[in-house]
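Q: upload11.cif is the file, holding mmCIF, C-alpha atoms:
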data_data
loop_
_atom_site.label_atom_id
_atom_site.label_comp_id
_atom_site.auth_asym_id
_atom_site.auth_seq_id
_atom_site.Cartn_x
_atom_site.Cartn_y
_atom_site.Cartn_z
CA MET U 1 10.89 -8.56 -26.92
CA THR U 2 13.15 -7.86 -23.93
CA SER U 3 13.88 -4.29 -25.02
CA THR U 4 10.17 -3.61 -25.54
CA LEU U 5 9.37 -4.84 -22.04
CA LEU U 6 12.18 -2.73 -20.57
CA ILE U 7 10.82 0.38 -22.29
CA ALA U 8 7.30 -0.34 -21.02
CA LEU U 9 8.42 -1.24 -17.49
CA ARG U 10 10.91 1.54 -16.82
CA HIS U 11 8.17 4.06 -15.98
CA PRO U 12 6.38 3.32 -12.67
CA VAL U 13 2.97 4.54 -13.90
CA VAL U 14 3.26 2.38 -17.03
CA ARG U 15 4.15 -0.63 -14.86
CA LEU U 16 1.10 0.05 -12.73
CA SER U 17 -1.04 0.47 -15.85
CA MET U 18 0.09 -2.94 -17.10
CA ILE U 19 -1.03 -4.57 -13.85
CA THR U 20 -4.26 -2.60 -13.88
CA ILE U 21 -5.11 -3.54 -17.45
CA PHE U 22 -4.24 -7.18 -16.70
CA LEU U 23 -6.83 -7.12 -13.93
CA PHE U 24 -9.27 -5.42 -16.30
CA GLY U 25 -8.60 -8.19 -18.81
CA PHE U 26 -9.10 -10.71 -16.01
CA THR U 27 -12.65 -9.47 -15.37
CA GLY U 28 -13.55 -9.68 -19.06
CA ALA U 29 -11.89 -13.04 -19.65
CA ALA U 30 -13.59 -14.47 -16.55
CA THR U 31 -17.11 -13.50 -17.60
CA ALA U 32 -17.29 -13.11 -21.41
CA PRO U 33 -17.28 -16.87 -22.18
CA TYR U 34 -20.23 -17.39 -19.80
CA GLN U 35 -22.28 -14.22 -20.32
CA SER U 36 -24.62 -15.69 -22.93
CA VAL U 37 -24.99 -18.93 -20.97
CA ILE U 38 -25.97 -17.02 -17.84
CA GLY U 39 -28.32 -14.63 -19.66
CA ILE U 40 -30.07 -17.15 -21.90
CA THR U 41 -29.79 -20.54 -20.20
CA GLU U 42 -29.75 -19.64 -16.51
CA LEU U 43 -31.90 -16.49 -16.46
CA GLY U 44 -34.21 -17.29 -19.38
CA LEU U 45 -33.65 -14.38 -21.78
CA SER U 46 -34.66 -15.08 -25.38
CA ASN U 47 -32.03 -15.23 -28.12
CA GLY U 48 -33.51 -12.19 -29.87
CA PHE U 49 -33.70 -10.09 -26.71
CA TYR U 50 -30.14 -11.05 -25.77
CA SER U 51 -28.88 -9.99 -29.21
CA ILE U 52 -30.57 -6.60 -28.89
CA LEU U 53 -29.19 -6.22 -25.36
CA ILE U 54 -25.60 -6.86 -26.45
CA PHE U 55 -25.90 -4.42 -29.36
CA ALA U 56 -27.40 -1.72 -27.12
CA ALA U 57 -24.69 -2.29 -24.50
CA ALA U 58 -21.99 -1.82 -27.16
CA ALA U 59 -23.62 1.44 -28.25
CA VAL U 60 -23.78 2.68 -24.65
CA ASN U 61 -20.09 1.81 -24.20
CA VAL U 62 -19.14 3.93 -27.24
CA ILE U 63 -21.09 6.95 -25.99
CA VAL U 64 -19.72 6.64 -22.45
CA SER U 65 -16.14 6.14 -23.68
CA LEU U 66 -16.32 9.29 -25.80
CA TRP U 67 -17.84 11.27 -22.94
CA VAL U 68 -15.26 10.01 -20.43
CA GLY U 69 -12.46 10.69 -22.91
CA VAL U 70 -13.56 14.30 -23.34
CA LEU U 71 -13.93 14.65 -19.57
CA ALA U 72 -10.40 13.28 -19.04
CA ASP U 73 -8.99 15.91 -21.39
CA ARG U 74 -10.98 18.63 -19.62
CA ILE U 75 -9.94 17.82 -16.05
CA GLY U 76 -6.60 16.08 -16.70
CA ASN U 77 -7.19 13.60 -13.87
CA TYR U 78 -7.25 9.93 -14.87
CA ARG U 79 -7.05 8.62 -11.30
CA ILE U 80 -10.47 9.83 -10.17
CA LEU U 81 -12.12 8.71 -13.41
CA LEU U 82 -10.50 5.27 -13.22
CA MET U 83 -11.75 4.78 -9.68
CA THR U 84 -15.23 5.92 -10.68
CA VAL U 85 -15.60 3.45 -13.55
CA MET U 86 -14.13 0.68 -11.36
CA LEU U 87 -16.95 1.27 -8.88
CA PHE U 88 -19.40 0.66 -11.71
CA GLY U 89 -17.63 -2.65 -12.36
CA ILE U 90 -17.78 -3.70 -8.72
CA LEU U 91 -21.49 -2.91 -8.50
CA GLY U 92 -22.27 -4.34 -11.94
CA TYR U 93 -20.58 -7.71 -11.51
CA GLY U 94 -21.54 -7.91 -7.84
CA LEU U 95 -25.23 -7.24 -8.44
CA VAL U 96 -25.54 -9.93 -11.11
CA TYR U 97 -23.96 -12.45 -8.73
CA ALA U 98 -25.86 -11.36 -5.60
CA VAL U 99 -29.27 -10.87 -7.29
CA PRO U 100 -29.35 -13.31 -10.24
CA VAL U 101 -32.62 -12.27 -11.85
CA PRO U 102 -33.26 -11.07 -15.44
CA ALA U 103 -33.81 -7.45 -14.35
CA SER U 104 -30.43 -7.13 -12.61
CA PHE U 105 -28.64 -8.86 -15.50
CA VAL U 106 -30.21 -6.54 -18.07
CA PHE U 107 -29.57 -3.41 -15.99
CA CYS U 108 -25.93 -4.27 -15.32
CA THR U 109 -25.23 -5.43 -18.88
CA LEU U 110 -26.85 -2.32 -20.38
CA VAL U 111 -25.73 0.38 -17.92
CA MET U 112 -23.19 -0.58 -15.27
CA LEU U 113 -20.74 -2.71 -17.24
CA PRO U 114 -20.59 -0.50 -20.38
CA VAL U 115 -19.50 2.35 -18.09
CA TYR U 116 -16.91 0.08 -16.49
CA ASN U 117 -15.62 -0.98 -19.92
CA ALA U 118 -14.75 2.67 -20.66
CA MET U 119 -11.74 1.87 -18.50
CA THR U 120 -9.92 0.62 -21.60
CA SER U 121 -9.89 4.08 -23.13
CA LEU U 122 -8.87 5.70 -19.84
CA LEU U 123 -5.93 3.34 -19.32
CA PHE U 124 -4.59 3.81 -22.83
CA ALA U 125 -5.17 7.57 -22.56
CA ASN U 126 -3.16 7.65 -19.33
CA VAL U 127 -0.33 5.69 -20.92
CA ARG U 128 -0.46 7.83 -24.08
CA ALA U 129 -0.20 11.00 -21.99
CA ILE U 130 3.04 9.61 -20.54
CA ALA U 131 4.34 8.78 -24.01
CA ASN U 132 3.50 12.32 -25.17
CA LEU U 133 5.51 13.78 -22.30
CA GLU U 134 8.47 11.71 -23.43
CA GLY U 135 8.09 12.88 -27.01
CA GLY U 136 6.10 9.82 -28.07
CA ARG U 137 9.25 7.95 -29.18
CA ASP U 138 8.38 4.88 -27.17
CA ALA U 139 4.61 4.98 -27.73
CA ALA U 140 4.55 1.77 -29.79
CA ALA U 141 6.58 -0.19 -27.24
CA ILE U 142 4.56 1.14 -24.32
CA ASN U 143 1.24 0.40 -26.05
CA SER U 144 2.46 -3.08 -26.98
CA GLY U 145 3.44 -3.82 -23.40
CA VAL U 146 0.10 -2.64 -22.04
CA ARG U 147 -1.85 -4.42 -24.79
CA ALA U 148 0.09 -7.63 -24.13
CA ALA U 149 -1.12 -7.51 -20.52
CA ILE U 150 -4.70 -7.95 -21.74
CA SER U 151 -3.66 -10.78 -24.04
CA VAL U 152 -1.89 -12.57 -21.18
CA ALA U 153 -5.11 -12.34 -19.16
CA TRP U 154 -7.10 -13.87 -22.01
CA VAL U 155 -4.55 -16.67 -22.34
CA LEU U 156 -4.45 -17.57 -18.65
CA VAL U 157 -7.81 -16.69 -17.14
CA PRO U 158 -10.47 -18.63 -19.14
CA GLY U 159 -8.81 -21.97 -18.38
CA LEU U 160 -8.35 -21.15 -14.69
CA VAL U 161 -11.96 -19.98 -14.34
CA ALA U 162 -13.14 -23.12 -16.13
CA LEU U 163 -11.31 -25.19 -13.50
CA VAL U 164 -12.94 -23.19 -10.70
CA LEU U 165 -16.41 -23.63 -12.21
CA ALA U 166 -15.93 -27.32 -13.10
CA GLY U 167 -18.77 -29.42 -11.69
CA ARG U 168 -20.86 -26.42 -10.67
CA GLY U 169 -24.44 -26.13 -11.83
CA SER U 170 -24.18 -22.36 -12.32
CA MET U 171 -21.72 -20.09 -14.10
CA LEU U 172 -22.57 -17.13 -11.83
CA PRO U 173 -19.41 -17.45 -9.66
CA ALA U 174 -17.53 -16.06 -12.69
CA TYR U 175 -19.18 -12.73 -11.92
CA LEU U 176 -18.06 -12.98 -8.29
CA LEU U 177 -14.47 -13.49 -9.47
CA ALA U 178 -14.79 -10.46 -11.74
CA CYS U 179 -16.17 -8.38 -8.87
CA LEU U 180 -13.19 -9.36 -6.71
CA GLY U 181 -10.88 -8.44 -9.58
CA CYS U 182 -12.46 -4.97 -9.76
CA ILE U 183 -12.04 -4.52 -5.99
CA ALA U 184 -8.35 -5.44 -6.23
CA ASN U 185 -7.94 -3.02 -9.14
CA LEU U 186 -9.64 -0.19 -7.26
CA ALA U 187 -7.35 -0.74 -4.27
CA LEU U 188 -4.31 -0.73 -6.56
CA VAL U 189 -5.25 2.57 -8.20
CA PHE U 190 -6.30 4.18 -4.90
CA PHE U 191 -3.07 3.32 -3.08
CA LYS U 192 -0.50 3.28 -5.88
CA LEU U 193 -1.50 5.57 -8.77
CA PRO U 194 -0.21 9.07 -7.98
CA ALA U 195 -2.64 11.95 -8.00
CA THR U 196 -2.28 14.51 -10.78
CA ASP U 197 -0.12 17.42 -9.75
CA GLY U 198 -0.70 20.99 -10.83
CA PRO U 199 -3.72 22.80 -12.25
CA PRO U 200 -6.06 21.18 -14.80
CA PRO U 201 -5.12 21.65 -18.47
CA ALA U 202 -6.08 24.87 -20.21
CA LYS U 203 -9.41 24.51 -21.99
CA ASN U 204 -10.51 26.01 -25.28
CA HIS U 205 -13.44 25.57 -27.65
CA ARG U 206 -12.11 22.16 -28.74
CA HIS U 207 -12.72 20.76 -25.24
CA SER U 208 -16.48 21.20 -25.39
CA PHE U 209 -18.45 18.00 -25.82
CA VAL U 210 -20.07 19.12 -29.06
CA ALA U 211 -16.76 20.19 -30.62
CA SER U 212 -15.10 16.96 -29.46
CA PHE U 213 -17.78 14.80 -31.06
CA GLY U 214 -17.39 16.94 -34.18
CA GLU U 215 -13.68 16.07 -34.28
CA VAL U 216 -14.50 12.36 -34.16
CA LEU U 217 -16.99 12.71 -37.04
CA ALA U 218 -14.71 14.93 -39.15
CA PRO U 219 -14.28 13.24 -42.57
CA ASN U 220 -10.49 13.03 -42.37
CA VAL U 221 -10.71 11.26 -38.99
CA PHE U 222 -13.79 9.11 -39.54
CA ALA U 223 -12.64 7.86 -42.96
CA ARG U 224 -9.40 6.57 -41.41
CA LEU U 225 -11.34 5.08 -38.51
CA THR U 226 -13.59 3.29 -41.00
CA ALA U 227 -10.55 1.91 -42.84
CA VAL U 228 -9.10 0.52 -39.61
CA SER U 229 -12.50 -0.88 -38.60
CA LEU U 230 -12.76 -2.75 -41.90
CA ILE U 231 -9.33 -4.23 -41.27
CA THR U 232 -9.98 -5.19 -37.64
CA SER U 233 -13.44 -6.59 -38.48
CA THR U 234 -11.52 -9.55 -39.88
CA LEU U 235 -10.65 -10.58 -36.31
CA HIS U 236 -14.36 -10.73 -35.43
CA VAL U 237 -15.18 -12.65 -38.61
CA ASN U 238 -12.51 -15.19 -37.73
CA ALA U 239 -13.83 -15.56 -34.18
CA ALA U 240 -17.27 -16.34 -35.59
CA VAL U 241 -16.40 -18.70 -38.44
CA GLN U 242 -13.23 -20.47 -37.32
CA PRO U 243 -14.95 -22.80 -34.79
CA LEU U 244 -17.70 -23.54 -37.31
CA ILE U 245 -15.18 -24.35 -40.06
CA ILE U 246 -13.10 -26.52 -37.71
CA THR U 247 -16.11 -28.65 -36.75
CA GLY U 248 -17.68 -28.43 -40.21
CA ALA U 249 -15.71 -28.26 -43.44
CA ALA U 250 -12.43 -29.26 -41.75
CA GLY U 251 -14.01 -32.23 -39.96
CA GLY U 252 -12.47 -31.45 -36.57
CA THR U 253 -13.84 -31.67 -33.03
CA VAL U 254 -14.67 -29.29 -30.20
CA THR U 255 -11.34 -30.25 -28.64
CA ASP U 256 -9.57 -28.97 -31.75
CA ILE U 257 -11.26 -25.59 -31.27
CA GLY U 258 -9.87 -25.22 -27.75
CA VAL U 259 -6.38 -26.34 -28.70
CA ILE U 260 -6.18 -24.06 -31.74
CA VAL U 261 -7.52 -21.03 -29.86
CA GLY U 262 -5.03 -21.66 -27.06
CA ILE U 263 -2.08 -21.98 -29.46
CA VAL U 264 -3.00 -18.77 -31.27
CA ALA U 265 -3.57 -16.84 -28.03
CA PHE U 266 -0.15 -17.87 -26.70
CA LEU U 267 1.63 -17.01 -29.94
CA GLU U 268 -0.14 -13.64 -30.13
CA VAL U 269 1.45 -12.57 -26.85
CA VAL U 270 4.91 -13.40 -28.21
CA PHE U 271 4.30 -11.77 -31.59
CA ILE U 272 2.95 -8.55 -30.05
CA PHE U 273 6.50 -7.87 -28.83
CA VAL U 274 7.96 -8.95 -32.16
CA TRP U 275 5.79 -6.37 -33.93
CA ALA U 276 6.78 -3.72 -31.38
CA ARG U 277 10.39 -4.40 -32.34
CA LEU U 278 9.57 -4.27 -36.07
CA GLN U 279 7.83 -0.92 -35.62
CA VAL U 280 11.18 0.65 -34.84
CA HIS U 281 11.89 0.27 -38.56
CA LEU U 282 8.35 0.49 -40.00
CA ARG U 283 5.71 3.22 -40.15
CA ALA U 284 2.41 2.32 -38.51
CA VAL U 285 0.68 2.36 -41.92
CA THR U 286 3.28 0.00 -43.40
CA ALA U 287 3.02 -2.42 -40.47
CA LEU U 288 -0.79 -2.35 -40.65
CA ALA U 289 -0.71 -2.91 -44.41
CA ILE U 290 1.56 -5.96 -44.06
CA SER U 291 -0.49 -7.49 -41.23
CA ALA U 292 -3.83 -6.79 -42.95
CA GLY U 293 -2.58 -8.43 -46.13
CA LEU U 294 -1.30 -11.48 -44.22
CA TYR U 295 -4.57 -11.84 -42.31
CA ALA U 296 -6.55 -11.65 -45.56
CA VAL U 297 -4.39 -14.49 -46.90
CA TYR U 298 -5.04 -16.44 -43.68
CA LEU U 299 -8.83 -16.00 -43.92
CA THR U 300 -8.77 -17.09 -47.56
CA LEU U 301 -6.78 -20.23 -46.70
CA LEU U 302 -9.09 -20.89 -43.73
CA GLY U 303 -12.00 -20.83 -46.15
CA LEU U 304 -10.24 -23.53 -48.18
CA ALA U 305 -9.47 -25.76 -45.17
CA SER U 306 -10.80 -29.30 -45.51
CA ALA U 307 -8.94 -31.13 -42.71
CA PRO U 308 -8.03 -30.27 -39.11
CA TRP U 309 -4.30 -30.14 -39.88
CA HIS U 310 -4.97 -27.34 -42.39
CA VAL U 311 -6.23 -25.11 -39.57
CA TYR U 312 -3.39 -26.14 -37.26
CA ALA U 313 -0.91 -25.26 -40.01
CA LEU U 314 -2.40 -21.78 -40.23
CA THR U 315 -1.96 -20.95 -36.52
CA LEU U 316 1.48 -19.36 -37.00
CA LEU U 317 0.27 -17.08 -39.80
CA SER U 318 -2.94 -16.28 -37.94
CA ALA U 319 -1.16 -15.38 -34.70
CA PHE U 320 1.56 -13.32 -36.38
CA ALA U 321 -0.93 -11.18 -38.32
CA ALA U 322 -3.49 -10.97 -35.51
CA ALA U 323 -0.85 -9.79 -33.01
CA ALA U 324 -0.33 -6.73 -35.19
CA LEU U 325 -4.06 -6.14 -35.71
CA ILE U 326 -4.76 -6.07 -31.96
CA SER U 327 -1.86 -3.78 -31.05
CA ILE U 328 -0.77 -1.49 -33.89
CA PRO U 329 -4.22 0.05 -34.56
CA ILE U 330 -4.21 1.43 -31.01
CA THR U 331 -1.31 3.78 -31.76
CA TYR U 332 -2.67 4.61 -35.24
CA ILE U 333 -6.10 5.47 -33.82
CA GLN U 334 -4.68 7.56 -30.97
CA ASP U 335 -2.60 9.51 -33.50
CA LEU U 336 -5.76 10.63 -35.30
CA ILE U 337 -6.24 13.19 -32.50
CA SER U 338 -2.81 12.95 -30.94
CA ASP U 339 -2.91 16.06 -28.76
CA ARG U 340 -6.08 14.85 -27.01
CA PRO U 341 -5.09 11.61 -25.21
CA GLY U 342 -8.55 11.11 -23.73
CA LEU U 343 -10.55 11.74 -26.89
CA GLY U 344 -8.01 9.97 -29.12
CA SER U 345 -8.06 6.88 -26.91
CA SER U 346 -11.86 6.84 -26.81
CA LEU U 347 -11.71 6.15 -30.55
CA ILE U 348 -10.54 2.65 -29.58
CA SER U 349 -14.08 1.93 -28.37
CA VAL U 350 -15.56 3.46 -31.52
CA ASN U 351 -13.35 1.16 -33.59
CA LEU U 352 -14.48 -1.88 -31.60
CA PHE U 353 -18.11 -0.94 -32.15
CA LEU U 354 -17.70 -0.28 -35.88
CA SER U 355 -15.62 -3.41 -36.50
CA GLY U 356 -18.09 -5.53 -34.56
CA GLY U 357 -20.98 -4.10 -36.58
CA ILE U 358 -19.18 -4.64 -39.88
CA SER U 359 -18.38 -8.24 -38.96
CA ALA U 360 -22.02 -8.90 -38.05
CA ILE U 361 -23.10 -7.62 -41.48
CA LEU U 362 -20.42 -9.71 -43.21
CA PHE U 363 -21.52 -12.81 -41.28
CA ALA U 364 -25.17 -12.23 -42.18
CA ILE U 365 -24.38 -11.70 -45.89
CA GLY U 366 -21.85 -14.52 -46.05
CA THR U 367 -24.08 -17.12 -44.43
CA ARG U 368 -27.07 -15.98 -46.50
CA PHE U 369 -25.41 -16.40 -49.89
CA SER U 370 -22.64 -18.89 -49.09
CA ASP U 371 -21.36 -21.10 -46.25
CA TYR U 372 -18.93 -20.50 -43.39
CA SER U 373 -15.95 -21.01 -45.69
CA GLY U 374 -17.31 -18.40 -48.09
CA THR U 375 -17.93 -16.05 -45.18
CA SER U 376 -14.26 -16.36 -44.21
CA MET U 377 -13.27 -15.31 -47.72
CA LEU U 378 -15.75 -12.42 -47.58
CA GLY U 379 -14.00 -11.28 -44.39
CA ALA U 380 -10.71 -11.37 -46.28
CA LEU U 381 -12.24 -9.13 -48.95
CA ALA U 382 -13.36 -6.64 -46.29
CA GLY U 383 -9.84 -6.54 -44.88
CA VAL U 384 -8.37 -5.87 -48.32
CA THR U 385 -10.96 -3.10 -48.83
CA GLY U 386 -9.94 -1.45 -45.56
CA LEU U 387 -6.29 -1.84 -46.51
CA GLY U 388 -6.88 -0.13 -49.85
CA LEU U 389 -8.76 2.75 -48.20
CA MET U 390 -6.03 3.24 -45.59
CA LEU U 391 -3.29 3.26 -48.23
CA PHE U 392 -5.30 5.74 -50.32
CA LEU U 393 -5.61 8.08 -47.32
CA ASP U 394 -2.18 7.65 -45.73
CA GLY U 395 0.01 5.62 -48.05
CA ARG U 396 1.92 8.60 -49.39
CA GLY U 397 2.15 10.44 -46.07
CA GLY U 398 3.74 9.74 -42.77
CA GLY U 399 1.06 7.44 -41.48
CA ALA U 400 -1.77 8.51 -39.22
CA HIS U 401 -1.73 12.24 -38.69
CA GLN U 402 -3.09 14.49 -36.03
CA HIS U 403 -6.32 16.10 -37.20
CA ARG U 404 -7.65 19.19 -35.54
#
Using structure tokens, write down the structure from this file.
A:
Amino acid sequence: MTSTLLIALRHPVVRLSMITIFLFGFTGAATAPYQSVIGITELGLSNGFYSILIFAAAAVNVIVSLWVGVLADRIGNYRILLMTVMLFGILGYGLVYAVPVPASFVFCTLVMLPVYNAMTSLLFANVRAIANLEGGRDAAAINSGVRAAISVAWVLVPGLVALVLAGRGSMLPAYLLACLGCIANLALVFFKLPATDGPPPAKNHRHSFVASFGEVLAPNVFARLTAVSLITSTLHVNAAVQPLIITGAAGGTVTDIGVIVGIVAFLEVVFIFVWARLQVHLRAVTALAISAGLYAVYLTLLGLASAPWHVYALTLLSAFAAAALISIPITYIQDLISDRPGLGSSLISVNLFLSGGISAILFAIGTRFSDYSGTSMLGALAGVTGLGLMLFLDGRGGGAHQHR
């Protein structure tokens, strides 16, 4: 863990990126738990309309992330793009807080904040460009350090924001806190992130938007992306069914949900660094295969849980496998188009969209033909399917390969 942190922290731009992505995680962790409450309960949106809005916002985020990724490769300047998307965050969060009406909430959720959320791809693209300059030897450690910064935000921030909002009749101040976080992040990038030196990178036919989208949809790239999305969809399935199993089949309480989520979130941060250390000796495909298999076992056992202590006993296995599934796929996905840091990193957003869509389908099928416990086991089956596809595509090779 210490050596991984030292690798990540020894480069000043990587250190800055870790702080920046922590602040980005702060804005998401401050608002995500309250977004549906604000939209539906406080502003009066219907459940159906809200569902459509969230799906459309995710689709917009994918398109914007791809476009911004291509643009980053074309101009080679992450600083100006980061500041631009941060402005969208400031305006998006600020407008919802200042003008709390359905129209502003819908506009910001559908347009402003999806553009701001493209910042994830830009930050990982910037860090990956640094790793490429150093030969990529420390890419796993650097990505783990940066990814851990988001996890730390999600461990610390929800509880702190809950304390701030305690006793208030409205959850809207969460958006004010997020707006202030964006302002702090913009100031950090403006004053501390060095401007790109030298001319922009040489462009060829691959840097056109049409050709870039064609690279993403190429069968050898998209098939691997689908495999990873099947594997990471298990995280979304768990997020949906675990609270329902705890308070249902396992006979637990709402308090148990909070305690278990907190334990797992804390352990994930620790295990992210453990996996970074293990990756020194393991190929990305091997590490993903092990973690996907372990998480499938976890989901199966979760589906069999019939008492609260069963779920508590699974927290170590859950956190260990999940830590790999939220960090290792980043490097694997970026390697699919490794010489295009911007475009390769934008695939992270595509993976989030695909895995979220797959999990929604699994939840709908599972709850239609079974119960929440059966849905958990269906999620395990999806993870094993993705694992099999990934091993078929890359099991005999050197892991994820660059595809041009």
Q: Within 9 Å of (-2.6, 11.6, -28.7) (coordinates as in the file), grab all the protein and nucleic acid residues, counting all atoms listed in the file, and write them out as a tab-separated table (two decimals) with C-alpha atoms, in the coordinates of the input.
A:
chain	number	residue	atom	x	y	z
U	125	ALA	CA	-5.17	7.57	-22.56
U	128	ARG	CA	-0.46	7.83	-24.08
U	129	ALA	CA	-0.20	11.00	-21.99
U	131	ALA	CA	4.34	8.78	-24.01
U	132	ASN	CA	3.50	12.32	-25.17
U	136	GLY	CA	6.10	9.82	-28.07
U	331	THR	CA	-1.31	3.78	-31.76
U	333	ILE	CA	-6.10	5.47	-33.82
U	334	GLN	CA	-4.68	7.56	-30.97
U	335	ASP	CA	-2.60	9.51	-33.50
U	336	LEU	CA	-5.76	10.63	-35.30
U	337	ILE	CA	-6.24	13.19	-32.50
U	338	SER	CA	-2.81	12.95	-30.94
U	339	ASP	CA	-2.91	16.06	-28.76
U	340	ARG	CA	-6.08	14.85	-27.01
U	341	PRO	CA	-5.09	11.61	-25.21
U	342	GLY	CA	-8.55	11.11	-23.73
U	343	LEU	CA	-10.55	11.74	-26.89
U	344	GLY	CA	-8.01	9.97	-29.12
U	345	SER	CA	-8.06	6.88	-26.91
U	402	GLN	CA	-3.09	14.49	-36.03
Q: Residue by residue, what does the PyMOL selection byres ((chain U and resi 383) around 8) grab here? Present the result as an NGL selection string.
A: :U and (230-234 or 292-293 or 295-296 or 379-382 or 384-387)
Q: Separation of CA of Val85 (chain U) and CA of Val350 (chain U), in Å?
A: 18.0 Å
Q: For region 299-357 of chain U versus region 248-251 of chain U, which residues have an atom no more than 8 Å away, and what is each residue's nearest atom pair and distance in Å rounded to one decimal, using all atoms listed in the file, chain-then-number order, as CSV?
A:
residue,atom,partner,partner_atom,distance
U:Ala305,CA,U:Ala250,CA,5.7
U:Ser306,CA,U:Ala250,CA,4.1
U:Ala307,CA,U:Ala250,CA,4.1
U:Pro308,CA,U:Ala250,CA,5.2
U:His310,CA,U:Ala250,CA,7.7
U:Val311,CA,U:Ala250,CA,7.8
Q: Using only C-alpha atoms, collect all residues at a distance of at most 9 Å from (-10.6, 4.3, -20.5) as written in the file, then present them as a list in words.
A: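 Final list of nearby residues, as requested, is Ser65, Val68, Gly69, Tyr78, Leu81, Leu82, Val85, Tyr116, Asn117, Ala118, Met119, Thr120, Ser121, Leu122, Leu123, Phe124, Ala125, Asn126, Gly342, Ser345, Ser346 and Ser349 of chain U.
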Q: Rank nothing, just name the residue among U:Leu113, U:Met18, U:Val164, U:Val99 nearest to Asn61 (chain U), using all atoms listed in the file.
A: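 For Asn61 (chain U), the nearest of the given residues is U:Leu113.
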Q: Residues within 9 Å of region 353-366 of chain U, please, as JSON, numbers by chain. Count all atoms listed in the file; anything in the same chain fewer than 4 positions from it doesn't count.
A: {"U": [55, 58, 59, 61, 62, 225, 226, 228, 229, 230, 231, 232, 233, 234, 235, 236, 237, 240, 241, 348, 349, 370, 371, 372, 373, 374, 375, 376, 377, 378, 379, 382]}
Q: Output C-alpha atoms for every residue in that selection, as a PDB file, in the coordinates of the input.
A:
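The new file result.pdb reads:
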ATOM      1  CA  PHE U  55     -25.900  -4.420 -29.360  1.00  0.00           C
ATOM      2  CA  ALA U  58     -21.990  -1.820 -27.160  1.00  0.00           C
ATOM      3  CA  ALA U  59     -23.620   1.440 -28.250  1.00  0.00           C
ATOM      4  CA  ASN U  61     -20.090   1.810 -24.200  1.00  0.00           C
ATOM      5  CA  VAL U  62     -19.140   3.930 -27.240  1.00  0.00           C
ATOM      6  CA  LEU U 225     -11.340   5.080 -38.510  1.00  0.00           C
ATOM      7  CA  THR U 226     -13.590   3.290 -41.000  1.00  0.00           C
ATOM      8  CA  VAL U 228      -9.100   0.520 -39.610  1.00  0.00           C
ATOM      9  CA  SER U 229     -12.500  -0.880 -38.600  1.00  0.00           C
ATOM     10  CA  LEU U 230     -12.760  -2.750 -41.900  1.00  0.00           C
ATOM     11  CA  ILE U 231      -9.330  -4.230 -41.270  1.00  0.00           C
ATOM     12  CA  THR U 232      -9.980  -5.190 -37.640  1.00  0.00           C
ATOM     13  CA  SER U 233     -13.440  -6.590 -38.480  1.00  0.00           C
ATOM     14  CA  THR U 234     -11.520  -9.550 -39.880  1.00  0.00           C
ATOM     15  CA  LEU U 235     -10.650 -10.580 -36.310  1.00  0.00           C
ATOM     16  CA  HIS U 236     -14.360 -10.730 -35.430  1.00  0.00           C
ATOM     17  CA  VAL U 237     -15.180 -12.650 -38.610  1.00  0.00           C
ATOM     18  CA  ALA U 240     -17.270 -16.340 -35.590  1.00  0.00           C
ATOM     19  CA  VAL U 241     -16.400 -18.700 -38.440  1.00  0.00           C
ATOM     20  CA  ILE U 348     -10.540   2.650 -29.580  1.00  0.00           C
ATOM     21  CA  SER U 349     -14.080   1.930 -28.370  1.00  0.00           C
ATOM     22  CA  SER U 370     -22.640 -18.890 -49.090  1.00  0.00           C
ATOM     23  CA  ASP U 371     -21.360 -21.100 -46.250  1.00  0.00           C
ATOM     24  CA  TYR U 372     -18.930 -20.500 -43.390  1.00  0.00           C
ATOM     25  CA  SER U 373     -15.950 -21.010 -45.690  1.00  0.00           C
ATOM     26  CA  GLY U 374     -17.310 -18.400 -48.090  1.00  0.00           C
ATOM     27  CA  THR U 375     -17.930 -16.050 -45.180  1.00  0.00           C
ATOM     28  CA  SER U 376     -14.260 -16.360 -44.210  1.00  0.00           C
ATOM     29  CA  MET U 377     -13.270 -15.310 -47.720  1.00  0.00           C
ATOM     30  CA  LEU U 378     -15.750 -12.420 -47.580  1.00  0.00           C
ATOM     31  CA  GLY U 379     -14.000 -11.280 -44.390  1.00  0.00           C
ATOM     32  CA  ALA U 382     -13.360  -6.640 -46.290  1.00  0.00           C
TER      33      ALA U 382
END
Q: Edge lengths and centre, in Å to one decimal, as JSON: that's what I need for the box along x, y and z that holds all listed atoms of region 311-325 of chain U plus 5 Å on each side.
A:
{"center_x": -2.3, "center_y": -16.1, "center_z": -36.6, "size_x": 17.8, "size_y": 30.0, "size_z": 17.2}
Q: Between CA of Pro219 (chain U) and CA of Ala56 (chain U), what is the distance, to one decimal in Å?
A: 25.2 Å
Q: How many Å lie between CA of Ser318 (chain U) and CA of Leu294 (chain U), rounded to one decimal?
A: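 Going from CA of Ser318 (chain U) over to CA of Leu294 (chain U), I get 8.1 Å.
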Q: Written as a short mmCIF file (atom, residue, chain, number, x, y, z; two decimals) with C-alpha atoms, in the coordinates of the input, which residues does the PyMOL selection byres ((chain U and resi 324) around 8) give for the file shown?
A:
data_model
loop_
_atom_site.label_atom_id
_atom_site.label_comp_id
_atom_site.auth_asym_id
_atom_site.auth_seq_id
_atom_site.Cartn_x
_atom_site.Cartn_y
_atom_site.Cartn_z
CA PHE U 271 4.30 -11.77 -31.59
CA ILE U 272 2.95 -8.55 -30.05
CA TRP U 275 5.79 -6.37 -33.93
CA ALA U 287 3.02 -2.42 -40.47
CA LEU U 288 -0.79 -2.35 -40.65
CA SER U 291 -0.49 -7.49 -41.23
CA PHE U 320 1.56 -13.32 -36.38
CA ALA U 321 -0.93 -11.18 -38.32
CA ALA U 322 -3.49 -10.97 -35.51
CA ALA U 323 -0.85 -9.79 -33.01
CA LEU U 325 -4.06 -6.14 -35.71
CA ILE U 326 -4.76 -6.07 -31.96
CA SER U 327 -1.86 -3.78 -31.05
CA ILE U 328 -0.77 -1.49 -33.89
CA PRO U 329 -4.22 0.05 -34.56
#
